[in-house]
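Quick notes on the structure that follows.
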Amino acid sequence: MDTLQSLYNDVDFSNKKFQTALFFIVFNPLYWNFGARLEYYTKLISTLCLGQKRVAVYVFSLTVFSLGLLRDELYRAALQEQKTSPLLDNALSKMLGAGAFTYGSALVLGSMYKLGIVGTYLGDHFGFLFDERIVSFPFNICDNPMYDGSTLCFLGTALFYGKPAGLFATALVYAMYNIVLLIEEPFTAMIYRNKKDWF
């Protein structure tokens with residue numbers, strides 16, 4: 001308990017960069033889920049792209065990818081201004097951090113390779129559906145390798161640099177991904193159930 005309190009005390013919640021990073025950690029998954037759902041119901045993005053669904057997916061993907069880069073850069077910059085904890089500033093933390101980041105990156109990149117841009121960025125909401133479920137790596141490791149891998153990258157960065165603020169941010173990332181899965185998974189299942197009647 002004293003260890004947790006010590007780590008918590010090392011987090012500067014008043015830091016503006018940290019606050020901004022936390023905002024985008026919350027905002028980004030809500031943006032891509034509700035943005036894709038807006039497309040599903042209204043075809044707004046496709047309409048703005050002159051009815052070109054594939055172009056619409058790429059435009060949407062670019063916004064999601066750009067927001068992800070912004071979030072990651074804000075996280076990195078925020079951690080530079082946060083206190084390093086003596087509890088985490090050791091070789092073991094660095095080793096665990098490097099391992100978590102490497103494994104997380106493998107999950108993310110493996111997922112993107114198998115899904116492609118359209119599949120990665122909720123192309124099913126635009127009408128691009130897979131014929132069958134992907135079960136090879138990394139989907140044979142976990143159900144949501146993009147989310148799990150991203151969480152591990154946040155954790156790895158926090159551990160490698162010994163930043164308690166990074167551990168807090170990682171917990172928020174994990175919580176947000178689990179919240180959006182409650183929204184995303186049933187909706188995606190509904191899309192596939194109704195695919196014959198949809199487009």
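Numbering starts fresh at 1 for the residues of each chain in the structure tokens, the chains themselves are lettered A, B, ... in the order given, and ligands are numbered from 1 as they appear.
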
### Message
Can you pull out the residues contacting segment 15-18 of chain A? Cut-off 10 Å, using only C-alpha atoms, and skip same-chain residues under 6 positions away; I want them as a count of residues only.
### Response
12

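Residues in contact with Tyr103 of chain A at up to 12 Å, not including ones fewer than 5 positions away on its chain and judged by only C-alpha atoms, are A:Leu96, A:Gly97, A:Ala98, A:Val108, A:Leu109, A:Gly110, A:Pro138, A:Ile141, A:Pro145, A:Met146, A:Asp148, A:Gly149, A:Ser150, A:Thr151, A:Leu152, A:Cys153, A:Phe154, A:Leu155, A:Gly156.
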
Residues of the last selection are to be written out with all heavy atoms, as a tab-separated table (two decimals), in the first residue's frame.
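In the end it all went to part.tsv:
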chain	number	residue	atom	x	y	z
A	96	LEU	N	11.74	-5.08	-18.31
A	96	LEU	CA	10.32	-5.38	-18.44
A	96	LEU	C	9.65	-4.40	-19.40
A	96	LEU	O	8.78	-4.78	-20.20
A	96	LEU	CB	9.64	-5.34	-17.08
A	96	LEU	CG	10.01	-6.47	-16.10
A	96	LEU	CD1	9.39	-6.20	-14.74
A	96	LEU	CD2	9.56	-7.82	-16.64
A	97	GLY	N	10.04	-3.14	-19.31
A	97	GLY	CA	9.47	-2.12	-20.19
A	97	GLY	C	9.79	-2.38	-21.65
A	97	GLY	O	8.91	-2.31	-22.52
A	98	ALA	N	11.06	-2.70	-21.92
A	98	ALA	CA	11.46	-2.99	-23.30
A	98	ALA	C	10.73	-4.23	-23.82
A	98	ALA	O	10.29	-4.27	-24.97
A	98	ALA	CB	12.97	-3.18	-23.37
A	108	VAL	N	0.37	-5.23	-32.29
A	108	VAL	CA	-0.24	-4.15	-33.08
A	108	VAL	C	0.10	-4.32	-34.57
A	108	VAL	O	-0.78	-4.29	-35.43
A	108	VAL	CB	0.22	-2.77	-32.58
A	108	VAL	CG1	-0.19	-1.67	-33.56
A	108	VAL	CG2	-0.35	-2.49	-31.20
A	109	LEU	N	1.38	-4.49	-34.87
A	109	LEU	CA	1.80	-4.59	-36.26
A	109	LEU	C	1.29	-5.87	-36.92
A	109	LEU	O	0.89	-5.87	-38.09
A	109	LEU	CB	3.32	-4.52	-36.36
A	109	LEU	CG	3.94	-3.18	-35.94
A	109	LEU	CD1	5.46	-3.26	-35.94
A	109	LEU	CD2	3.46	-2.05	-36.85
A	110	GLY	N	1.26	-6.97	-36.14
A	110	GLY	CA	0.72	-8.21	-36.67
A	110	GLY	C	-0.76	-8.09	-36.99
A	110	GLY	O	-1.24	-8.59	-38.01
A	138	PRO	N	-1.89	-12.31	-34.86
A	138	PRO	CA	-1.88	-12.38	-33.39
A	138	PRO	C	-3.24	-12.71	-32.77
A	138	PRO	O	-3.39	-12.67	-31.56
A	138	PRO	CB	-1.43	-10.98	-33.00
A	138	PRO	CG	-2.04	-10.11	-34.05
A	138	PRO	CD	-1.99	-10.92	-35.33
A	141	ILE	N	-3.50	-15.33	-30.17
A	141	ILE	CA	-2.94	-14.98	-28.86
A	141	ILE	C	-3.98	-14.29	-27.99
A	141	ILE	O	-4.13	-14.58	-26.80
A	141	ILE	CB	-1.72	-14.05	-29.02
A	141	ILE	CG1	-0.65	-14.70	-29.90
A	141	ILE	CG2	-1.15	-13.64	-27.66
A	141	ILE	CD1	-0.01	-15.92	-29.30
A	145	PRO	N	-5.85	-7.83	-30.32
A	145	PRO	CA	-4.41	-7.55	-30.27
A	145	PRO	C	-4.05	-6.09	-30.47
A	145	PRO	O	-3.03	-5.63	-29.94
A	145	PRO	CB	-3.84	-8.42	-31.39
A	145	PRO	CG	-4.99	-8.73	-32.29
A	145	PRO	CD	-6.19	-8.77	-31.41
A	146	MET	N	-4.88	-5.33	-31.20
A	146	MET	CA	-4.59	-3.90	-31.35
A	146	MET	C	-4.67	-3.21	-30.01
A	146	MET	O	-3.80	-2.42	-29.63
A	146	MET	CB	-5.58	-3.26	-32.33
A	146	MET	CG	-5.33	-3.58	-33.78
A	146	MET	SD	-3.83	-2.84	-34.46
A	146	MET	CE	-4.24	-1.11	-34.39
A	148	ASP	N	-4.77	-4.66	-26.90
A	148	ASP	CA	-3.84	-5.23	-25.93
A	148	ASP	C	-2.41	-4.78	-26.22
A	148	ASP	O	-1.65	-4.44	-25.31
A	148	ASP	CB	-3.93	-6.75	-25.94
A	148	ASP	CG	-5.26	-7.27	-25.43
A	148	ASP	OD1	-5.98	-6.51	-24.76
A	148	ASP	OD2	-5.59	-8.44	-25.71
A	149	GLY	N	-2.05	-4.77	-27.50
A	149	GLY	CA	-0.71	-4.35	-27.88
A	149	GLY	C	-0.45	-2.89	-27.57
A	149	GLY	O	0.63	-2.52	-27.08
A	150	SER	N	-1.43	-2.04	-27.86
A	150	SER	CA	-1.29	-0.62	-27.56
A	150	SER	C	-1.12	-0.38	-26.06
A	150	SER	O	-0.27	0.40	-25.62
A	150	SER	CB	-2.51	0.15	-28.07
A	150	SER	OG	-2.42	1.52	-27.75
A	151	THR	N	-1.91	-1.10	-25.26
A	151	THR	CA	-1.79	-0.98	-23.81
A	151	THR	C	-0.41	-1.38	-23.33
A	151	THR	O	0.20	-0.72	-22.48
A	151	THR	CB	-2.86	-1.85	-23.11
A	151	THR	OG1	-4.16	-1.47	-23.58
A	151	THR	CG2	-2.81	-1.68	-21.60
A	152	LEU	N	0.12	-2.48	-23.89
A	152	LEU	CA	1.46	-2.92	-23.52
A	152	LEU	C	2.53	-1.91	-23.92
A	152	LEU	O	3.54	-1.75	-23.22
A	152	LEU	CB	1.76	-4.28	-24.16
A	152	LEU	CG	1.07	-5.48	-23.51
A	152	LEU	CD1	1.25	-6.74	-24.37
A	152	LEU	CD2	1.61	-5.72	-22.11
A	153	CYS	N	2.34	-1.22	-25.03
A	153	CYS	CA	3.29	-0.18	-25.45
A	153	CYS	C	3.30	0.98	-24.46
A	153	CYS	O	4.36	1.51	-24.11
A	153	CYS	CB	2.97	0.31	-26.85
A	153	CYS	SG	3.39	-0.89	-28.15
A	154	PHE	N	2.13	1.38	-24.00
A	154	PHE	CA	2.04	2.43	-22.98
A	154	PHE	C	2.73	1.97	-21.70
A	154	PHE	O	3.50	2.72	-21.09
A	154	PHE	CB	0.58	2.77	-22.69
A	154	PHE	CG	0.02	3.83	-23.58
A	154	PHE	CD1	-0.51	3.51	-24.82
A	154	PHE	CD2	0.01	5.16	-23.19
A	154	PHE	CE1	-1.02	4.48	-25.66
A	154	PHE	CE2	-0.51	6.15	-24.01
A	154	PHE	CZ	-1.02	5.81	-25.26
A	155	LEU	N	2.45	0.73	-21.30
A	155	LEU	CA	3.05	0.19	-20.09
A	155	LEU	C	4.57	0.10	-20.23
A	155	LEU	O	5.32	0.47	-19.31
A	155	LEU	CB	2.47	-1.19	-19.78
A	155	LEU	CG	3.07	-1.94	-18.58
A	155	LEU	CD1	2.85	-1.16	-17.29
A	155	LEU	CD2	2.48	-3.34	-18.48
A	156	GLY	N	5.02	-0.40	-21.36
A	156	GLY	CA	6.44	-0.55	-21.59
A	156	GLY	C	7.18	0.78	-21.51
A	156	GLY	O	8.26	0.87	-20.91

### Query
Please, which residues of segment 8-196 of chain A, numbered as in this document, come out helix (DSSP H, G or I) from DSSP, as number ranges by chain?
A: 8-9, 16-42, 44-48, 53-80, 91-120, 123-126, 145-161, 164-193, 195-196

### Message
Taking 6 positions as the minimum chain separation for residues in the same chain, which residues sit within 10 Å of Arg54 of chain A when counting only C-alpha atoms? Answer as a list in words.
### Response
Ser46, Phe60, Val118, Gly123, Phe126, Gly127 and Phe128 of chain A

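Picture a line from atom CA of Ile117 of chain A to atom CA of Pro29 of chain A; it runs 16.7 Å.
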
### Task
For Asp10 of chain A, list every protein, DNA or RNA residue within 7 Å, evaluated using only C-alpha atoms, and leave out those in the same chain fewer than 4 positions away; present the list as a PyMOL selection string.
chain A and resi 6+83+85+164

Could you save the residues just selected, with all heavy atoms, as a PDB file, in the first residue's frame?
ATOM      1  N   SER A   6       3.275   5.872  -2.749  1.00  0.00           N
ATOM      2  CA  SER A   6       4.496   6.551  -3.182  1.00  0.00           C
ATOM      3  C   SER A   6       4.472   6.810  -4.691  1.00  0.00           C
ATOM      4  O   SER A   6       4.828   7.902  -5.151  1.00  0.00           O
ATOM      5  CB  SER A   6       5.718   5.713  -2.816  1.00  0.00           C
ATOM      6  OG  SER A   6       6.900   6.299  -3.302  1.00  0.00           O
ATOM      7  N   LYS A  83       7.917  13.076 -12.809  1.00  0.00           N
ATOM      8  CA  LYS A  83       8.959  12.586 -11.920  1.00  0.00           C
ATOM      9  C   LYS A  83       9.268  11.116 -12.207  1.00  0.00           C
ATOM     10  O   LYS A  83       8.369  10.317 -12.468  1.00  0.00           O
ATOM     11  CB  LYS A  83       8.509  12.749 -10.469  1.00  0.00           C
ATOM     12  CG  LYS A  83       9.576  12.411  -9.447  1.00  0.00           C
ATOM     13  CD  LYS A  83       9.115  12.742  -8.038  1.00  0.00           C
ATOM     14  CE  LYS A  83      10.182  12.389  -7.021  1.00  0.00           C
ATOM     15  NZ  LYS A  83       9.747  12.699  -5.637  1.00  0.00           N
ATOM     16  N   SER A  85      10.386   7.688 -10.619  1.00  0.00           N
ATOM     17  CA  SER A  85      10.322   7.079  -9.292  1.00  0.00           C
ATOM     18  C   SER A  85      11.546   6.206  -9.042  1.00  0.00           C
ATOM     19  O   SER A  85      11.923   5.400  -9.898  1.00  0.00           O
ATOM     20  CB  SER A  85       9.062   6.231  -9.156  1.00  0.00           C
ATOM     21  OG  SER A  85       9.109   5.455  -7.979  1.00  0.00           O
ATOM     22  N   PRO A 164       5.803   6.891 -12.855  1.00  0.00           N
ATOM     23  CA  PRO A 164       4.498   6.527 -12.300  1.00  0.00           C
ATOM     24  C   PRO A 164       3.334   7.144 -13.066  1.00  0.00           C
ATOM     25  O   PRO A 164       2.260   6.541 -13.176  1.00  0.00           O
ATOM     26  CB  PRO A 164       4.563   7.051 -10.865  1.00  0.00           C
ATOM     27  CG  PRO A 164       6.012   7.077 -10.544  1.00  0.00           C
ATOM     28  CD  PRO A 164       6.697   7.441 -11.827  1.00  0.00           C
TER      29      PRO A 164
END

### Contacts of segment 179-190 of chain A within 9 Å, only C-alpha atoms, excl. fewer than 6 positions in-chain, as a PyMOL selection string
chain A and resi 29-30+33+37+122+124-125

### Message
For a quick check of understanding, using only C-alpha atoms, which of A:Ser93, A:Thr120, A:Thr47, A:Asn194 has the smallest distance to Gly162 of chain A?
### Response
A:Ser93

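Nearest to Asp2 of chain A of all the residues A:Leu50, A:Val26, A:Val135, A:Leu87 is A:Leu87, based on only C-alpha atoms.
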
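When only C-alpha atoms are used to measure the gap to Pro86 of chain A, the shortest distance among A:Leu7, A:Ala175, A:Ala106, A:Ile191 belongs to A:Leu7.
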
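Here atom CA of Phe65 of chain A stands at a distance of 13.3 Å from atom CA of Ile25 of chain A.
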
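Nearest-residue note for Lys163 of chain A: choosing from A:Phe27, A:Tyr121, A:Asn90, A:Phe137, the minimum distance belongs to A:Asn90, counting only C-alpha atoms.
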
### Task
Can you work out which one of A:Phe160, A:Leu107, A:Gln19, A:Phe168 has the shortest atom-to-atom distance to Phe139 of chain A, counting only C-alpha atoms?
A:Leu107

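When only C-alpha atoms are used to measure the gap to Asp89 of chain A, the shortest distance among A:Leu159, A:Asp72, A:Leu62, A:Val57 belongs to A:Leu159.
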
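Across the structure, atom CA of Asn144 of chain A and atom CA of Gly119 of chain A are spaced 12.9 Å apart.
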